[in-house]
Number of protein chains: 2
Amino acid sequence: MTNIRDLAHEANVSVTTVSRVLNDHPYVAEEKRRAVKEAILKLGYIRNQTAVHLSTGRTKTIGVMLPFVDHPYHAAILQGIAKSAFEDAYRFLTWQTNYFEEHERTVLRALAQREVDGLIIVSHSLAVSEILSYEQYGPIVFCELHEYVSSVYINHYTAFCKGLTALQQLGHHRIGICLGRADSTNSRARKQAYHDLVEPNSNDWVYEQTLTIEDGTRVAEHWLSQKQRPSAIMTTSDHVAAGLIIALRKRGYRIPEDLSVIGFDGSDLAEVLDLTTIAIPYALIGQQAFSLVTRDVMNQPLQIEIPATLQMGNTAAQLPSAD
Amino acid sequence: MTNIRDLAHEANVSVTTVSRVLNDHPYVAEEKRRAVKEAILKLGYIRNQTAVHLSTGRTKTIGVMLPFVDHPYHAAILQGIAKSAFEDAYRFLTWQTNYFEEHERTVLRALAQREVDGLIIVSHSLAVSEILSYEQYGPIVFCELHEYVSSVYINHYTAFCKGLTALQQLGHHRIGICLGRADSTNSRARKQAYHDLVEPNSNDWVYEQTLTIEDGTRVAEHWLSQKQRPSAIMTTSDHVAAGLIIALRKRGYRIPEDLSVIGFDGSDLAEVLDLTTIAIPYALIGQQAFSLVTRDVMNQPLQIEIPATLQMGNTAAQLPSAD
DNA sequence: TTGTATGCGTTATCAA
DNA sequence: TTGATAACGCATACAA
């Protein structure tokens with residue numbers, strides 16, 4: 001492998017001059033610059049980035065920790081990161097953790113080992129405090145809101161409120177909600193919104209641990225088995241909404257006549273099924289997270305709220321006045 | 001940042017011994033080994049991977065070139081790669097190219113610059129020959145079939161034949177097909193299958209440039225505008241099938257009674273819409289591609305065919321005998 | 001404007 | 001079983 005020393009020899013200059021040419025630095029005589037460029041061509045030289053990394057102390061690479069790379073909204077965040085990273089000539093390493101704490105620690109270790117200059121944490125199960133203990137090795141940005149931490153986040157409380165309010169304005173007062181992972185930050189915020197706006201005490205219509213299409217089907221079973229049923233359900237994701245709707249339609253129920261359903265994400269599924277949903281600009285989250293983690297002044301945490309919007313479809317409707 | 005020299009000093013051994021301990025090499029006295037481990041703890045030492053990369057000449061990182069990280073089946077391949085990479089303690093860098101040739105060249109350059117040890121090319125628009133000119137810098141594995149090249153691939157010809165044959169067995173003989181990017185390898189194979197099995201000459205029912213849900217809607221318009229319509233359409237993706245089906249159902253047409261539709265991918269959409277589709281184990285493609293690109297003996301290209309299977313749903317049905 | 005010399009942190013060779 | 005020392009390839013302070 002030819003290196004800058006070979007180039008220097010070939011072009012009859014010093015390695016410093018070669019390095020200057022390589023990095024477009026000033027103070028190089030045009031003649032020598034040309035000589036170096038010729039040598040590069042002649043020897044077929046290609047710069048070794050690893051050496052650059054070691055020498056400069058940075059990798060121009062950031063790490064991304066997420067539970068699943070192929071879940072639509074994680075993938076959408078990833079695509080935002082990919083876009084921004086490419087534009088800034090950055091690289092990114094992705095770790096799929098499946099929410100396993102030991103996997104998440106691998107990611108943190110990578111930061112400490114200088115494999116990446118910073119970390120974007122899309123979602124995690126480790127305690128925030130443990131994660132933050134790695135901040136000494138480089139900037140860490142969350143895609144969820146945490147105190148004293150740089151984050152790009154959806155305000156799940158207000159986002160959920162948007163859906164719940166919309167349902168109430170449609171005349172619903174018996175409203176159920178789906179929640180995702182128990183005890184996750186998001187679930188807590190959503191539950192709070194529910195208690196504040198709809199049911200201060202009861203949890204009869206709170207369907208927990210719903211993440212996937214299958215979970216939506218499970219919610220349908222549960223709903224069917226209930227004597228007192230909600231007339232509307234605010235879900236955690238378009239997937240859950242889809243599973244729920246499909247299952248009920250198969251049983252002959254009509255959506256939204258028999259049950260109003262609001263999704264969450266604004267995904268392809270929402271488009272296909274014409275779901276009423278809370279649309280989230282996930283790619284934007286990725287882009288903002290990238291710009292936060294790569295900004296040069298990391299003196300203090302910065303928090304950016306990303307807006308969620310109610311997207312009208314045909315799965316939530318006025319409650320029949322008969323009710 | 002504390003380094004192995006500091007450790008050596010602290011533990012009263014040489015850097016070689018420290019390195020040996022770090023890498024679990026034999027020939028280290030138990031006593032010294034312990035001394036080094038204590039020093040590591042005391043000084044809070046963490047190994048700098050960049051230095052390891054430079055010294056060993058490899059990064060234990062592979063690169064992934066794909067057009068879009070958030071398209072379901074690309075994401076699924078990515079998730080397979082992520083899984084395998086994690087298991088083997090490898091990293092992967094992802095580049096989203098949008099099929100821009102200049103972006104694709106960036107990826108190739110990264111291989112040449114030793115940022116990655118090898119490359120998985122999920123999909124590309126550059127000429128294969130140009131890509132292969134970079135093979136001198138490291139192994140390159142394609143997720144499409146090309147001659148003389150390591151590839152993990154779906155045989156799109158036989159996969160499409162499965163769908164077409166199924167339609168014929170259902171009594172259809174007026175069959176249309178959707179194609180994706182014009183002149184792509186896959187499109188050619190699919191068109192060939194169509195000409196061999198269904199319509200040797202006519203292209204009236206060949207709908208080109210269909211990739212997205214919107215494209216499916218466009219196909220619906222086209223189909224509606226035709227005097228002579230096919231009774232069944234084999235599509236390029238579940239997305240296209242979904243767009244087509246939804247658009248037609250909105251117009252009052254019944255699927256599969258008025259038109260049989262077969263999707264492609266076996267995605268979430270297929271599940272939700274109960275599509276008859278050709279299911280592809282995309283994650284498996286990613287896993288196999290990873291194992292190919294990281295195998296140590298790269299003497300000759302290896303090609304692995306991944307099976308596609310017809311997955312029954314309710315969007316393709318027997319042609320009414322009235323027809 | 002140019003070059004020398006040193007450092008980045010590790011692994012690997014070779015001699016002891 | 002251990003240790004000096006030379007790579008690995010590049011960037012950069014400092015001197016000229």
# chains A, B, ... in the order shown; residues from 1 in each chain; ligands from 1
>>> closest_atom_pairs(of="chain C", to="chain B", cutoff="6 Å", atoms="only C-alpha atoms (C1' of nucleotides)", output="Markdown table")
| residue | atom | partner | partner_atom | distance |
| --- | --- | --- | --- | --- |
| C:DG9 | C1' | B:Ala51 | CA | 5.0 |
| C:DT10 | C1' | B:Ala51 | CA | 5.0 |
| C:DT11 | C1' | B:Ser55 | CA | 5.5 |
>>> residues_around(residues="DA5 (chain C)", least_positions_apart="3", cutoff="12 Å", atoms="only C-alpha atoms (C1' of nucleotides)", output="list in words")
Ser14, Val15 and Thr16 of chain A; DT12, DA13, DC14 and DA15 of chain D
>>> residues_around(residues="region 176-191 of chain B", least_positions_apart="5", cutoff="10 Å", atoms="only C-alpha atoms (C1' of nucleotides)", output="ChimeraX atom specification")
/B:123-125,144-146,154-161,164,196-200,203-212,215-216,219,223,229-237,240-241,261-263
>>> closest_atom_pairs(of="chain D", to="chain A", cutoff="7 Å", atoms="only C-alpha atoms (C1' of nucleotides)", output="tab-separated table")
residue	atom	partner	partner_atom	distance
D:DG9	C1'	A:Ala51	CA	5.0
D:DC10	C1'	A:Ala51	CA	5.3
D:DA11	C1'	A:Ser55	CA	5.9
>>> write_last_selection(atoms="C-alpha atoms (C1' of nucleotides)", output="PDB file, in the first residue's frame")
ATOM      1  C1'  DG D   9      -0.087   5.935   7.874  1.00  0.00           C
ATOM      2  C1'  DC D  10      -1.056  10.325   8.756  1.00  0.00           C
ATOM      3  C1'  DA D  11      -1.130  15.179  10.891  1.00  0.00           C
TER       4       DA D  11
END
>>> closest_residue(among="A:Tyr253, A:Tyr137, A:Tyr27, A:Tyr99", to="chain B", atoms="only C-alpha atoms")
A:Tyr137
>>> residues_around(residues="Ala11 (chain A)", least_positions_apart="6", cutoff="7 Å", atoms="only C-alpha atoms (C1' of nucleotides)", output="MDAnalysis selection string")
chainID A and resid 35:36 39
>>> write_last_selection(atoms="all heavy atoms", output="CSV table (one decimal), in the first residue's frame")
chain,number,residue,atom,x,y,z
A,35,ALA,N,3.2,18.4,-8.7
A,35,ALA,CA,4.1,17.2,-8.6
A,35,ALA,C,3.5,16.2,-7.7
A,35,ALA,O,3.5,15.0,-8.0
A,35,ALA,CB,5.4,17.7,-8.1
A,36,VAL,N,2.9,16.6,-6.6
A,36,VAL,CA,2.3,15.7,-5.7
A,36,VAL,C,1.1,15.0,-6.3
A,36,VAL,O,0.9,13.8,-6.3
A,36,VAL,CB,1.8,16.4,-4.4
A,36,VAL,CG1,1.0,15.5,-3.6
A,36,VAL,CG2,3.0,16.9,-3.6
A,39,ALA,N,2.2,12.4,-8.6
A,39,ALA,CA,2.6,11.2,-7.9
A,39,ALA,C,1.4,10.4,-7.4
A,39,ALA,O,1.5,9.2,-7.5
A,39,ALA,CB,3.5,11.7,-6.7
>>> closest_residue(among="B:Ile46, B:Val152, B:Val21, B:Leu41", to="chain A", atoms="only C-alpha atoms")
B:Ile46
>>> residues_around(residues="Glu115 (chain B)", least_positions_apart="2", cutoff="7 Å", atoms="only C-alpha atoms (C1' of nucleotides)", output="list in words")
Gln49 and Thr50 of chain A; Thr59, Ala110, Leu111, Gln113 and Asp117 of chain B
>>> write_last_selection(atoms="C-alpha atoms", output="PDB file, in the first residue's frame")
ATOM      1  CA  GLN A  49      -8.702   6.848   6.746  1.00  0.00           C
ATOM      2  CA  THR A  50      -7.850   4.772   9.776  1.00  0.00           C
TER       3      THR A  50
ATOM      4  CA  THR B  59     -11.471  -2.410  10.990  1.00  0.00           C
ATOM      5  CA  ALA B 110     -14.614   4.136   1.560  1.00  0.00           C
ATOM      6  CA  LEU B 111     -13.578   0.576   0.837  1.00  0.00           C
ATOM      7  CA  GLN B 113      -9.678   4.072   1.947  1.00  0.00           C
ATOM      8  CA  ASP B 117     -13.025  -4.398   5.342  1.00  0.00           C
TER       9      ASP B 117
END
>>> atom_distance(atom1="CA of Gly80 (chain B)", atom2="CA of Gln287 (chain B)")
4.8 Å
>>> select_by_dssp(residues="region 122-174 of chain B", states="strand (DSSP E)", output="MDAnalysis selection string")
chainID B and resid 140:142 151:154
>>> closest_residue(among="B:Pro72, B:His103, B:Leu78, B:Met312", to="Leu269 (chain A)", atoms="only C-alpha atoms")
B:Pro72
>>> select_by_dssp(residues="region 88-320 of chain A", states="alpha helix (DSSP H)", output="PyMOL selection string")
chain A and resi 101-112+128-132+156-169+185-197+213-225+238-250+268-273+282-294
>>> write_last_selection(atoms="C-alpha atoms", output="PDB file, in the first residue's frame")
ATOM      1  CA  GLU A 101     -29.097  -3.964  28.179  1.00  0.00           C
ATOM      2  CA  GLU A 102     -25.930  -5.862  27.472  1.00  0.00           C
ATOM      3  CA  HIS A 103     -26.206  -4.916  23.796  1.00  0.00           C
ATOM      4  CA  GLU A 104     -26.744  -1.333  24.728  1.00  0.00           C
ATOM      5  CA  ARG A 105     -23.599  -1.410  26.798  1.00  0.00           C
ATOM      6  CA  THR A 106     -21.692  -2.546  23.742  1.00  0.00           C
ATOM      7  CA  VAL A 107     -22.712   0.678  22.083  1.00  0.00           C
ATOM      8  CA  LEU A 108     -21.623   2.792  25.008  1.00  0.00           C
ATOM      9  CA  ARG A 109     -18.322   0.968  25.054  1.00  0.00           C
ATOM     10  CA  ALA A 110     -17.834   1.796  21.401  1.00  0.00           C
ATOM     11  CA  LEU A 111     -18.044   5.453  22.266  1.00  0.00           C
ATOM     12  CA  ALA A 112     -15.522   5.039  25.053  1.00  0.00           C
ATOM     13  CA  VAL A 128     -30.301   7.244  31.715  1.00  0.00           C
ATOM     14  CA  SER A 129     -27.771   7.736  34.474  1.00  0.00           C
ATOM     15  CA  GLU A 130     -25.723   4.796  33.288  1.00  0.00           C
ATOM     16  CA  ILE A 131     -25.779   6.111  29.750  1.00  0.00           C
ATOM     17  CA  LEU A 132     -24.790   9.568  30.865  1.00  0.00           C
ATOM     18  CA  HIS A 156     -45.945  12.335  23.737  1.00  0.00           C
ATOM     19  CA  TYR A 157     -48.172  13.978  26.268  1.00  0.00           C
ATOM     20  CA  THR A 158     -49.387  16.702  23.938  1.00  0.00           C
ATOM     21  CA  ALA A 159     -49.334  14.375  20.941  1.00  0.00           C
ATOM     22  CA  PHE A 160     -51.625  11.963  22.744  1.00  0.00           C
ATOM     23  CA  CYS A 161     -53.773  14.861  23.902  1.00  0.00           C
ATOM     24  CA  LYS A 162     -54.293  15.827  20.279  1.00  0.00           C
ATOM     25  CA  GLY A 163     -55.750  12.425  19.531  1.00  0.00           C
ATOM     26  CA  LEU A 164     -57.817  12.268  22.695  1.00  0.00           C
ATOM     27  CA  THR A 165     -59.190  15.772  22.218  1.00  0.00           C
ATOM     28  CA  ALA A 166     -60.095  14.985  18.652  1.00  0.00           C
ATOM     29  CA  LEU A 167     -62.049  11.974  19.846  1.00  0.00           C
ATOM     30  CA  GLN A 168     -63.811  14.002  22.498  1.00  0.00           C
ATOM     31  CA  GLN A 169     -64.745  16.619  19.967  1.00  0.00           C
ATOM     32  CA  THR A 185     -41.071   7.284  29.326  1.00  0.00           C
ATOM     33  CA  ASN A 186     -43.506   7.466  26.476  1.00  0.00           C
ATOM     34  CA  SER A 187     -46.016   5.171  28.087  1.00  0.00           C
ATOM     35  CA  ARG A 188     -45.995   7.216  31.244  1.00  0.00           C
ATOM     36  CA  ALA A 189     -46.611  10.451  29.371  1.00  0.00           C
ATOM     37  CA  ARG A 190     -49.438   8.923  27.404  1.00  0.00           C
ATOM     38  CA  LYS A 191     -51.062   7.471  30.463  1.00  0.00           C
ATOM     39  CA  GLN A 192     -50.839  10.837  32.131  1.00  0.00           C
ATOM     40  CA  ALA A 193     -52.565  12.481  29.187  1.00  0.00           C
ATOM     41  CA  TYR A 194     -55.282   9.877  29.420  1.00  0.00           C
ATOM     42  CA  HIS A 195     -55.821  10.378  33.104  1.00  0.00           C
ATOM     43  CA  ASP A 196     -55.780  14.137  32.756  1.00  0.00           C
ATOM     44  CA  LEU A 197     -58.174  14.334  29.861  1.00  0.00           C
ATOM     45  CA  ILE A 213     -49.913  -5.842  14.493  1.00  0.00           C
ATOM     46  CA  GLU A 214     -50.452  -8.999  16.518  1.00  0.00           C
ATOM     47  CA  ASP A 215     -50.801  -6.931  19.654  1.00  0.00           C
ATOM     48  CA  GLY A 216     -53.524  -4.999  17.852  1.00  0.00           C
ATOM     49  CA  THR A 217     -55.313  -8.256  17.225  1.00  0.00           C
ATOM     50  CA  ARG A 218     -55.013  -9.024  20.899  1.00  0.00           C
ATOM     51  CA  VAL A 219     -56.544  -5.680  21.752  1.00  0.00           C
ATOM     52  CA  ALA A 220     -59.443  -6.564  19.493  1.00  0.00           C
ATOM     53  CA  GLU A 221     -60.009  -9.813  21.379  1.00  0.00           C
ATOM     54  CA  HIS A 222     -59.861  -7.975  24.640  1.00  0.00           C
ATOM     55  CA  TRP A 223     -62.260  -5.286  23.432  1.00  0.00           C
ATOM     56  CA  LEU A 224     -64.666  -7.931  22.183  1.00  0.00           C
ATOM     57  CA  SER A 225     -64.597  -9.678  25.530  1.00  0.00           C
ATOM     58  CA  ASP A 238     -50.324   2.499  13.166  1.00  0.00           C
ATOM     59  CA  HIS A 239     -49.355  -1.133  13.442  1.00  0.00           C
ATOM     60  CA  VAL A 240     -51.457  -1.674  16.503  1.00  0.00           C
ATOM     61  CA  ALA A 241     -54.287   0.299  14.965  1.00  0.00           C
ATOM     62  CA  ALA A 242     -54.047  -1.803  11.827  1.00  0.00           C
ATOM     63  CA  GLY A 243     -54.116  -5.082  13.709  1.00  0.00           C
ATOM     64  CA  LEU A 244     -57.064  -3.902  15.735  1.00  0.00           C
ATOM     65  CA  ILE A 245     -59.036  -2.646  12.771  1.00  0.00           C
ATOM     66  CA  ILE A 246     -58.392  -5.628  10.552  1.00  0.00           C
ATOM     67  CA  ALA A 247     -59.335  -8.052  13.302  1.00  0.00           C
ATOM     68  CA  LEU A 248     -62.575  -6.260  14.055  1.00  0.00           C
ATOM     69  CA  ARG A 249     -63.524  -5.875  10.415  1.00  0.00           C
ATOM     70  CA  LYS A 250     -63.005  -9.598   9.973  1.00  0.00           C
ATOM     71  CA  ASP A 268     -47.292   3.622   5.112  1.00  0.00           C
ATOM     72  CA  LEU A 269     -49.911   1.621   6.908  1.00  0.00           C
ATOM     73  CA  ALA A 270     -51.823   4.775   7.735  1.00  0.00           C
ATOM     74  CA  GLU A 271     -51.798   5.733   4.112  1.00  0.00           C
ATOM     75  CA  VAL A 272     -52.950   2.351   2.920  1.00  0.00           C
ATOM     76  CA  LEU A 273     -55.691   1.930   5.485  1.00  0.00           C
ATOM     77  CA  TYR A 282     -39.431  10.836  12.046  1.00  0.00           C
ATOM     78  CA  ALA A 283     -36.821  11.639   9.451  1.00  0.00           C
ATOM     79  CA  LEU A 284     -36.692  15.128  10.878  1.00  0.00           C
ATOM     80  CA  ILE A 285     -35.930  13.702  14.296  1.00  0.00           C
ATOM     81  CA  GLY A 286     -32.955  11.893  12.829  1.00  0.00           C
ATOM     82  CA  GLN A 287     -31.715  14.991  11.080  1.00  0.00           C
ATOM     83  CA  GLN A 288     -31.963  17.164  14.155  1.00  0.00           C
ATOM     84  CA  ALA A 289     -30.362  14.532  16.335  1.00  0.00           C
ATOM     85  CA  PHE A 290     -27.475  14.379  13.914  1.00  0.00           C
ATOM     86  CA  SER A 291     -27.003  18.112  13.911  1.00  0.00           C
ATOM     87  CA  LEU A 292     -27.061  18.154  17.695  1.00  0.00           C
ATOM     88  CA  VAL A 293     -24.535  15.399  18.131  1.00  0.00           C
ATOM     89  CA  THR A 294     -22.111  16.908  15.654  1.00  0.00           C
TER      90      THR A 294
END
>>> closest_residue(among="A:Asp274, A:Glu30, A:Glu147, A:Glu305", to="chain B", atoms="only C-alpha atoms")
A:Asp274
>>> closest_residue(among="A:Ala85, A:Leu126, A:Leu43, A:Leu93", to="chain B", atoms="only C-alpha atoms")
A:Leu93
